$ cat data_18.cif   # mmCIF, C-alpha atoms
data_entry
#
loop_
_atom_site.group_PDB
_atom_site.id
_atom_site.type_symbol
_atom_site.label_atom_id
_atom_site.label_comp_id
_atom_site.auth_asym_id
_atom_site.auth_seq_id
_atom_site.Cartn_x
_atom_site.Cartn_y
_atom_site.Cartn_z
ATOM 1 C CA MET A 1154 22.815 -2.655 17.052
ATOM 2 C CA GLU A 1155 24.366 -1.895 20.470
ATOM 3 C CA ASN A 1156 23.216 1.679 20.093
ATOM 4 C CA SER A 1157 21.787 3.022 23.344
ATOM 5 C CA ALA A 1158 19.079 4.794 21.349
ATOM 6 C CA PHE A 1159 17.448 1.407 20.837
ATOM 7 C CA HIS A 1160 15.021 0.355 23.516
ATOM 8 C CA SER A 1161 14.422 -3.337 23.736
ATOM 9 C CA GLN A 1162 10.961 -4.178 22.442
ATOM 10 C CA ARG A 1163 11.079 -7.749 23.682
ATOM 11 C CA LYS A 1164 9.062 -7.288 26.844
ATOM 12 C CA TRP A 1165 6.393 -5.420 24.870
ATOM 13 C CA ASN A 1166 6.320 -8.176 22.272
ATOM 14 C CA ILE A 1167 5.933 -10.906 24.872
ATOM 15 C CA GLY A 1168 3.297 -8.927 26.737
ATOM 16 C CA PHE A 1169 1.325 -8.218 23.596
ATOM 17 C CA ILE A 1170 1.451 -11.813 22.369
ATOM 18 C CA LEU A 1171 0.257 -12.960 25.807
ATOM 19 C CA PHE A 1172 -2.558 -10.424 25.771
ATOM 20 C CA LEU A 1173 -3.673 -11.426 22.264
ATOM 21 C CA THR A 1174 -3.542 -15.149 23.083
ATOM 22 C CA LEU A 1175 -5.660 -14.642 26.196
ATOM 23 C CA LEU A 1176 -8.080 -12.409 24.304
ATOM 24 C CA LEU A 1177 -8.475 -15.013 21.551
ATOM 25 C CA ALA A 1178 -8.898 -17.796 24.127
ATOM 26 C CA LEU A 1179 -11.573 -15.741 25.867
ATOM 27 C CA LEU A 1180 -13.304 -14.914 22.587
ATOM 28 C CA SER A 1181 -13.307 -18.577 21.507
ATOM 29 C CA GLN A 1182 -15.518 -19.305 24.512
ATOM 30 C CA ILE A 1183 -18.104 -16.903 23.101
ATOM 31 C CA SER A 1184 -17.869 -17.511 19.372
ATOM 32 C CA ILE A 1185 -15.445 -19.567 17.271
ATOM 33 C CA ARG A 1186 -16.431 -17.565 14.190
ATOM 34 C CA LEU A 1187 -15.453 -14.234 15.760
ATOM 35 C CA THR A 1188 -12.165 -15.751 16.932
ATOM 36 C CA LEU A 1189 -11.321 -16.871 13.408
ATOM 37 C CA ILE A 1190 -12.236 -13.464 11.966
ATOM 38 C CA LEU A 1191 -10.086 -11.667 14.541
ATOM 39 C CA THR A 1192 -7.166 -14.049 13.952
ATOM 40 C CA LEU A 1193 -7.411 -13.484 10.209
ATOM 41 C CA GLY A 1194 -7.597 -9.711 10.736
ATOM 42 C CA ILE A 1195 -4.535 -9.674 12.976
ATOM 43 C CA SER A 1196 -2.584 -11.829 10.505
ATOM 44 C CA ILE A 1197 -3.471 -9.600 7.549
ATOM 45 C CA GLY A 1198 -2.519 -6.501 9.541
ATOM 46 C CA PHE A 1199 0.807 -8.050 10.537
ATOM 47 C CA VAL A 1200 1.676 -9.005 6.951
ATOM 48 C CA LEU A 1201 0.608 -5.596 5.590
ATOM 49 C CA GLN A 1202 2.739 -3.727 8.114
ATOM 50 C CA LYS A 1203 5.815 -5.909 7.629
ATOM 51 C CA SER A 1204 5.557 -5.932 3.830
ATOM 52 C CA ARG A 1205 5.352 -2.119 3.626
ATOM 53 C CA PHE A 1206 2.849 -2.619 0.865
ATOM 54 C CA CYS A 1207 1.437 0.726 -0.176
ATOM 55 C CA LEU A 1208 -1.370 0.989 -2.700
ATOM 56 C CA VAL A 1209 -0.975 4.766 -2.903
ATOM 57 C CA SER A 1210 2.656 4.370 -3.817
ATOM 58 C CA ALA A 1211 1.804 1.693 -6.385
ATOM 59 C CA LEU A 1212 -0.590 4.008 -8.206
ATOM 60 C CA ARG A 1213 1.177 7.331 -7.657
ATOM 61 C CA ASP A 1214 4.871 6.626 -8.127
ATOM 62 C CA PRO A 1215 4.743 5.688 -11.829
ATOM 63 C CA ILE A 1216 3.507 9.191 -12.616
ATOM 64 C CA LEU A 1217 5.339 11.141 -9.916
ATOM 65 C CA ILE A 1218 8.815 9.609 -9.906
ATOM 66 C CA GLY A 1219 8.672 6.961 -12.617
ATOM 67 C CA MET A 1220 9.052 3.967 -10.298
ATOM 68 C CA THR A 1221 6.919 0.900 -10.920
ATOM 69 C CA GLN A 1222 8.276 -1.695 -8.468
ATOM 70 C CA LEU A 1223 5.202 -1.469 -6.236
ATOM 71 C CA THR A 1224 2.910 -1.229 -9.233
ATOM 72 C CA ARG A 1225 4.234 -4.574 -10.391
ATOM 73 C CA ALA A 1226 3.822 -5.972 -6.885
ATOM 74 C CA PHE A 1227 0.216 -4.789 -7.047
ATOM 75 C CA LEU A 1228 -0.296 -6.538 -10.404
ATOM 76 C CA LEU A 1229 1.120 -9.723 -8.877
ATOM 77 C CA LEU A 1230 -1.307 -9.336 -5.979
ATOM 78 C CA LEU A 1231 -4.183 -9.009 -8.467
ATOM 79 C CA GLY A 1232 -3.019 -12.108 -10.329
ATOM 80 C CA ILE A 1233 -2.859 -14.196 -7.171
ATOM 81 C CA SER A 1234 -6.241 -12.872 -6.023
ATOM 82 C CA ILE A 1235 -7.809 -13.748 -9.387
ATOM 83 C CA LEU A 1236 -6.609 -17.349 -9.100
ATOM 84 C CA GLY A 1237 -7.761 -17.596 -5.472
ATOM 85 C CA PHE A 1238 -11.090 -15.975 -6.252
ATOM 86 C CA ALA A 1239 -11.628 -18.322 -9.199
ATOM 87 C CA LEU A 1240 -10.945 -21.350 -6.993
ATOM 88 C CA VAL A 1241 -13.345 -20.141 -4.303
ATOM 89 C CA SER A 1242 -16.220 -19.240 -6.598
ATOM 90 C CA TRP A 1243 -15.744 -22.345 -8.775
ATOM 91 C CA GLY A 1244 -15.828 -24.491 -5.617
ATOM 92 C CA ALA A 1245 -18.892 -22.639 -4.394
ATOM 93 C CA VAL A 1246 -20.733 -23.300 -7.656
ATOM 94 C CA GLN A 1247 -19.779 -26.998 -7.554
ATOM 95 C CA ARG A 1248 -21.146 -27.422 -4.041
ATOM 96 C CA ASN A 1249 -24.096 -25.060 -4.429
ATOM 97 C CA ILE A 1250 -22.917 -22.707 -1.722
ATOM 98 C CA PRO A 1251 -24.322 -19.210 -2.299
ATOM 99 C CA LEU A 1252 -21.602 -16.552 -2.369
ATOM 100 C CA SER A 1253 -22.562 -13.053 -1.365
ATOM 101 C CA LEU A 1254 -19.792 -10.751 -2.558
ATOM 102 C CA ASN A 1255 -20.052 -6.998 -2.445
ATOM 103 C CA VAL A 1256 -19.448 -6.634 -6.154
ATOM 104 C CA PHE A 1257 -21.503 -4.136 -8.113
ATOM 105 C CA PRO A 1258 -21.592 -3.119 -11.783
ATOM 106 C CA LEU A 1259 -19.695 -0.076 -12.937
ATOM 107 C CA GLY A 1260 -21.453 3.261 -13.206
ATOM 108 C CA VAL A 1261 -20.649 6.962 -13.435
ATOM 109 C CA HIS A 1262 -20.722 7.132 -9.645
ATOM 110 C CA THR A 1263 -17.938 4.497 -9.495
ATOM 111 C CA ILE A 1264 -15.672 6.790 -11.503
ATOM 112 C CA VAL A 1265 -16.594 9.879 -9.447
ATOM 113 C CA GLY A 1266 -15.989 7.964 -6.222
ATOM 114 C CA GLY A 1267 -12.714 6.559 -7.509
ATOM 115 C CA LEU A 1268 -11.449 10.028 -8.405
ATOM 116 C CA LEU A 1269 -12.462 11.443 -5.010
ATOM 117 C CA PHE A 1270 -10.844 8.559 -3.173
ATOM 118 C CA GLY A 1271 -7.723 8.769 -5.325
ATOM 119 C CA ILE A 1272 -7.203 12.474 -4.614
ATOM 120 C CA GLY A 1273 -7.902 11.912 -0.927
ATOM 121 C CA MET A 1274 -5.520 9.010 -0.545
ATOM 122 C CA VAL A 1275 -2.598 10.833 -2.102
ATOM 123 C CA LEU A 1276 -3.213 13.840 0.168
ATOM 124 C CA ALA A 1277 -3.641 11.666 3.248
ATOM 125 C CA GLY A 1278 -0.617 9.537 2.394
ATOM 126 C CA GLY A 1279 -2.414 6.232 2.641
ATOM 127 C CA CYS A 1280 -5.333 4.171 1.451
ATOM 128 C CA THR A 1281 -7.642 2.568 3.997
ATOM 129 C CA THR A 1282 -5.237 -0.145 5.094
ATOM 130 C CA GLY A 1283 -2.276 2.209 4.838
ATOM 131 C CA ILE A 1284 -3.930 4.664 7.206
ATOM 132 C CA LEU A 1285 -4.735 1.884 9.682
ATOM 133 C CA ILE A 1286 -1.157 0.578 9.580
ATOM 134 C CA ARG A 1287 0.267 4.043 10.174
ATOM 135 C CA ILE A 1288 -2.078 4.754 13.056
ATOM 136 C CA GLY A 1289 -0.734 1.533 14.554
ATOM 137 C CA GLU A 1290 2.813 2.772 13.974
ATOM 138 C CA GLY A 1291 1.920 5.958 15.816
ATOM 139 C CA PHE A 1292 1.363 8.720 13.259
ATOM 140 C CA ALA A 1293 -1.034 11.273 14.677
ATOM 141 C CA MET A 1294 -1.786 12.858 11.315
ATOM 142 C CA GLN A 1295 -3.270 9.621 10.016
ATOM 143 C CA LEU A 1296 -5.841 9.810 12.816
ATOM 144 C CA VAL A 1297 -7.197 12.941 11.133
ATOM 145 C CA ALA A 1298 -7.212 11.060 7.814
ATOM 146 C CA PHE A 1299 -8.982 8.156 9.498
ATOM 147 C CA PHE A 1300 -11.703 10.517 10.751
ATOM 148 C CA GLY A 1301 -12.202 11.750 7.183
ATOM 149 C CA LEU A 1302 -12.258 8.166 5.935
ATOM 150 C CA VAL A 1303 -14.985 7.186 8.383
ATOM 151 C CA VAL A 1304 -17.100 10.245 7.556
ATOM 152 C CA GLY A 1305 -16.687 9.634 3.836
ATOM 153 C CA ALA A 1306 -17.473 5.927 4.118
ATOM 154 C CA VAL A 1307 -20.667 6.576 6.097
ATOM 155 C CA LEU A 1308 -21.789 9.310 3.685
ATOM 156 C CA GLY A 1309 -21.063 7.069 0.707
ATOM 157 C CA GLU A 1310 -22.826 4.087 2.221
ATOM 158 C CA ARG A 1311 -25.916 6.195 2.951
ATOM 159 C CA SER A 1312 -26.096 7.904 -0.429
ATOM 160 C CA VAL A 1313 -25.015 5.122 -2.790
ATOM 161 C CA ILE A 1314 -28.616 4.165 -3.602
ATOM 162 C CA ASN A 1315 -29.422 7.714 -4.711
ATOM 163 C CA TRP A 1316 -26.303 7.768 -6.884
ATOM 164 C CA ARG A 1317 -27.251 4.484 -8.475
ATOM 165 C CA ASN A 1318 -30.782 5.696 -9.177
ATOM 166 C CA ALA A 1319 -29.573 9.022 -10.546
ATOM 167 C CA PHE A 1320 -26.894 7.737 -12.929
ATOM 168 C CA GLY A 1321 -27.869 4.119 -13.509
ATOM 169 C CA GLU A 1322 -25.458 1.261 -13.960
ATOM 170 C CA TRP A 1323 -23.972 -0.555 -16.872
ATOM 171 C CA PRO A 1324 -25.116 -4.160 -16.993
ATOM 172 C CA GLY A 1325 -22.932 -6.445 -14.908
ATOM 173 C CA ILE A 1326 -20.885 -8.925 -16.906
ATOM 174 C CA PHE A 1327 -19.581 -12.115 -15.364
ATOM 175 C CA LEU A 1328 -16.884 -13.304 -17.779
ATOM 176 C CA PRO A 1329 -16.861 -17.014 -16.773
ATOM 177 C CA ASP A 1330 -20.542 -17.207 -17.792
ATOM 178 C CA ILE A 1331 -19.642 -16.097 -21.309
ATOM 179 C CA PHE A 1332 -16.235 -17.695 -21.960
ATOM 180 C CA GLY A 1333 -16.002 -20.383 -19.279
ATOM 181 C CA TRP A 1334 -13.532 -20.457 -16.416
ATOM 182 C CA VAL A 1335 -10.253 -21.431 -18.098
ATOM 183 C CA PRO A 1336 -10.343 -18.966 -21.025
ATOM 184 C CA THR A 1337 -11.338 -16.188 -18.611
ATOM 185 C CA LEU A 1338 -8.378 -16.926 -16.362
ATOM 186 C CA ILE A 1339 -6.014 -17.066 -19.327
ATOM 187 C CA LEU A 1340 -7.380 -13.757 -20.627
ATOM 188 C CA GLU A 1341 -7.063 -12.030 -17.256
ATOM 189 C CA ILE A 1342 -3.551 -13.284 -16.585
ATOM 190 C CA ALA A 1343 -2.552 -12.247 -20.120
ATOM 191 C CA ILE A 1344 -3.862 -8.707 -19.524
ATOM 192 C CA LEU A 1345 -1.987 -8.518 -16.223
ATOM 193 C CA SER A 1346 1.235 -9.738 -17.866
ATOM 194 C CA ALA A 1347 0.842 -7.073 -20.540
ATOM 195 C CA LEU A 1348 0.395 -4.422 -17.842
ATOM 196 C CA TRP A 1349 3.484 -5.827 -16.075
ATOM 197 C CA GLN A 1350 5.554 -5.396 -19.237
ATOM 198 C CA LEU A 1351 4.133 -1.910 -19.694
ATOM 199 C CA ALA A 1352 5.109 -0.979 -16.124
ATOM 200 C CA LYS A 1353 8.613 -2.342 -16.646
ATOM 201 C CA TRP A 1354 8.985 -0.425 -19.906
ATOM 202 C CA TRP A 1355 7.680 2.759 -18.252
ATOM 203 C CA GLN A 1356 10.265 2.635 -15.444
ATOM 204 C CA LYS A 1357 13.063 2.001 -17.945
ATOM 205 C CA LYS A 1358 11.933 4.962 -20.012
ATOM 206 C CA GLN A 1359 11.477 7.262 -17.003
ATOM 207 C CA LEU A 1360 14.804 6.490 -15.359
ATOM 208 C CA GLY A 1361 16.625 6.481 -18.669
ATOM 209 C CA GLU A 1362 18.370 3.130 -18.263
ATOM 210 C CA MET B 554 32.618 16.182 -1.249
ATOM 211 C CA THR B 555 30.208 18.422 0.575
ATOM 212 C CA ARG B 556 27.566 17.156 2.947
ATOM 213 C CA PHE B 557 24.079 18.534 2.582
ATOM 214 C CA ALA B 558 21.035 17.889 4.734
ATOM 215 C CA ILE B 559 17.358 18.603 4.223
ATOM 216 C CA GLU B 560 14.635 18.719 6.807
ATOM 217 C CA ILE B 561 12.068 15.986 6.161
ATOM 218 C CA TRP B 562 11.141 15.218 9.752
ATOM 219 C CA GLY B 563 7.425 14.505 10.019
ATOM 220 C CA GLU B 564 6.813 14.726 6.271
ATOM 221 C CA MET B 565 4.867 11.983 4.533
ATOM 222 C CA CYS B 566 5.594 10.344 1.208
ATOM 223 C CA PRO B 567 6.029 11.592 -1.414
ATOM 224 C CA ILE B 568 7.172 15.000 -0.118
ATOM 225 C CA PRO B 569 10.583 13.831 1.225
ATOM 226 C CA LEU B 570 11.443 12.238 -2.100
ATOM 227 C CA ILE B 571 10.400 15.326 -4.079
ATOM 228 C CA LYS B 572 12.500 17.532 -1.785
ATOM 229 C CA ALA B 573 15.461 15.185 -2.114
ATOM 230 C CA LYS B 574 15.166 15.172 -5.913
ATOM 231 C CA LYS B 575 15.107 18.975 -5.946
ATOM 232 C CA LYS B 576 18.124 19.198 -3.664
ATOM 233 C CA LEU B 577 20.075 16.664 -5.742
ATOM 234 C CA LEU B 578 19.775 18.907 -8.793
ATOM 235 C CA SER B 579 21.802 21.636 -7.065
ATOM 236 C CA MET B 580 24.492 19.236 -5.833
ATOM 237 C CA GLN B 581 27.791 18.251 -7.453
ATOM 238 C CA CYS B 582 28.771 14.669 -8.208
ATOM 239 C CA GLY B 583 30.278 13.058 -5.112
ATOM 240 C CA ASP B 584 28.288 15.218 -2.697
ATOM 241 C CA ILE B 585 26.376 13.500 0.063
ATOM 242 C CA LEU B 586 22.788 14.207 1.061
ATOM 243 C CA VAL B 587 21.854 13.343 4.633
ATOM 244 C CA LEU B 588 18.225 12.591 5.414
ATOM 245 C CA GLU B 589 16.574 11.548 8.633
ATOM 246 C CA THR B 590 13.011 10.326 8.850
ATOM 247 C CA GLU B 591 10.667 8.638 11.278
ATOM 248 C CA HIS B 592 8.435 7.371 8.492
ATOM 249 C CA SER B 593 9.174 3.742 7.628
ATOM 250 C CA CYS B 594 7.704 3.887 4.128
ATOM 251 C CA THR B 595 9.571 7.093 3.316
ATOM 252 C CA SER B 596 12.882 5.488 4.177
ATOM 253 C CA ARG B 597 12.114 2.387 2.144
ATOM 254 C CA GLY B 598 10.807 4.438 -0.779
ATOM 255 C CA ILE B 599 13.915 6.605 -0.957
ATOM 256 C CA VAL B 600 16.226 3.565 -0.780
ATOM 257 C CA VAL B 601 14.408 1.777 -3.602
ATOM 258 C CA TRP B 602 14.310 4.963 -5.682
ATOM 259 C CA ALA B 603 18.028 5.641 -5.140
ATOM 260 C CA GLN B 604 18.972 2.090 -6.079
ATOM 261 C CA ALA B 605 16.886 2.266 -9.236
ATOM 262 C CA ASN B 606 18.689 5.525 -10.110
ATOM 263 C CA ARG B 607 22.094 3.935 -9.355
ATOM 264 C CA TYR B 608 22.950 6.349 -6.558
ATOM 265 C CA ILE B 609 24.874 5.065 -3.542
ATOM 266 C CA ILE B 610 22.568 4.901 -0.543
ATOM 267 C CA GLU B 611 23.179 3.849 3.024
ATOM 268 C CA GLU B 612 20.260 3.184 5.304
ATOM 269 C CA LYS B 613 20.612 2.799 9.045
ATOM 270 C CA GLU B 614 17.955 2.514 11.706
ATOM 271 C CA VAL B 615 19.555 4.644 14.405
ATOM 272 C CA ALA B 616 16.819 4.208 17.002
ATOM 273 C CA ASN B 617 13.461 2.476 17.156
ATOM 274 C CA GLY B 618 11.560 3.821 14.186
ATOM 275 C CA ILE B 619 14.126 6.444 13.133
ATOM 276 C CA TRP B 620 16.078 6.013 9.914
ATOM 277 C CA HIS B 621 19.233 7.822 8.883
ATOM 278 C CA LEU B 622 19.970 7.897 5.160
ATOM 279 C CA GLU B 623 23.094 8.985 3.345
ATOM 280 C CA LEU B 624 22.756 9.398 -0.390
ATOM 281 C CA THR B 625 25.827 9.937 -2.559
ATOM 282 C CA LYS B 626 25.244 11.598 -5.894
ATOM 283 C CA THR B 627 27.256 9.467 -8.295
ATOM 284 C CA HIS B 628 26.129 10.929 -11.608
ATOM 285 C CA ASP B 629 24.098 13.782 -13.051
#
$ encode --input "data_18.cif" --output "C-alpha cells"
Amino acid sequence: MENSAFHSQRKWNIGFILFLTLLLALLSQISIRLTLILTLGISIGFVLQKSRFCLVSALRDPILIGMTQLTRAFLLLLGISILGFALVSWGAVQRNIPLSLNVFPLGVHTIVGGLLFGIGMVLAGGCTTGILIRIGEGFAMQLVAFFGLVVGAVLGERSVINWRNAFGEWPGIFLPDIFGWVPTLILEIAILSALWQLAKWWQKKQLGE
Amino acid sequence: MTRFAIEIWGEMCPIPLIKAKKKLLSMQCGDILVLETEHSCTSRGIVVWAQANRYIIEEKEVANGIWHLELTKTHD
C-alpha cells in the first residue's frame, strides 16, 4: 500500500467525523428526536456503503449471469426484517401503541409501478439507496438518475389516489390475525428457506457445477 | 499466454461483466484479461462472478477508488 497513487484519507476522515459530531451536538440542542433520526440515517448509509449491498444486483444477476449470492443475502435480510418487524408490532400490540406503517394492499397499480421501477433501476444501475450511495462515492451519472427518481416519486405520490380509485385494491390480509404470530413466522421463514434453496439450485444449474 | 484488455472505464454494472464474458469467449485457456474500473460494485461483482466460475482473479486497489483486475481463463 506504499503506492504514491494513494492519497491519505485520514485528515478527511478526522475532519468529517469532527464536523458530524459538532453538527449532531448542535442539533441535539434543538431536537433530540431529529438527532436520533440523523444518527440512524448516517449509520444506515455507512453500513450500506461498506457492505456493497445492491438490490438491483440481487434481482438482476440470477437472470443475467446466473449468480444468486446477493439474492440469498437479500432473502436473509428479509428473514431478519420479518423477525424484527414481528417483535416490534407484537410489542406495540401488547402495550397499545398505535403503529402507523406505510403498508398498503396490493393492486394492479402496484404491479405497474413495480415493473416501471424495476426497468428504471436496472437502467440507472441502482435502486434508491444504491443511487444515494453512488452519489456519495462521486458518480455524476447517478445524479441524473437521482433527478429522475425525485420526479418519479413526486408524480407517484401525487397520483397514487387516482390509481387506487381507478383500479381498486385487493383486500388487505394481515396473516397474524388469521393464523396467530408463531405459525405466521414459521410459514414465512419456511417460504424464505425454500426460496434460498431455489436460488442455490439456480446458481448451480447456471454455472454448471 | 496473451494479455487482453477491455475498456470498461466509466461503465456501470452489469455492462463491464457482459463485456468481459464476451471477451472471454474469444480467448484461449491461460490467457489473461486485464480490467480497470473506478466502480466499486463492478470490481466486487466481477471478483465474485469469477470465483464462482473458478477462474483465477486478482484484485488490487491501485489508487483511491480505482481497481485493477487480472482474470486468468483457466477453462472453457
$ atom_distance --input "data_18.cif" --atom1 "atom CA of Pro1336 of chain A" --atom2 "atom CA of Trp1349 of chain A"
19.7 Å
$ residues_near_point --input "data_18.cif" --point "(6.9, -0.2, -0.8)" --cutoff "9 Å" --atoms "only C-alpha atoms" --output "ChimeraX atom specification"
/A:1204-1208,1210-1211,1222-1223,1226 /B:594-595,597-598,601
$ closest_atom_pairs --input "data_18.cif" --of "chain A" --to "chain B" --cutoff "8 Å" --atoms "all atoms listed in the file" --output "tab-separated table"
residue	atom	partner	partner_atom	distance
A:Asn1156	CA	B:Val615	CA	7.4
A:Ala1158	CA	B:Ala616	CA	4.9
A:Phe1159	CA	B:Ala616	CA	4.8
A:His1160	CA	B:Asn617	CA	6.9
A:Arg1205	CA	B:Cys594	CA	6.5
A:Met1220	CA	B:Trp602	CA	7.1
A:Gly1278	CA	B:Met565	CA	6.4
A:Leu1360	CA	B:Asn606	CA	6.6
$ residues_around --input "data_18.cif" --residues "segment 1322-1324 of chain A" --least-positions-apart "6" --cutoff "8 Å" --atoms "all atoms listed in the file" --output "list in words"
Pro1258, Leu1259, Gly1260 and Val1261 of chain A
$ atom_distance --input "data_18.cif" --atom1 "atom CA of Glu560 of chain B" --atom2 "atom CA of Lys576 of chain B"
11.0 Å
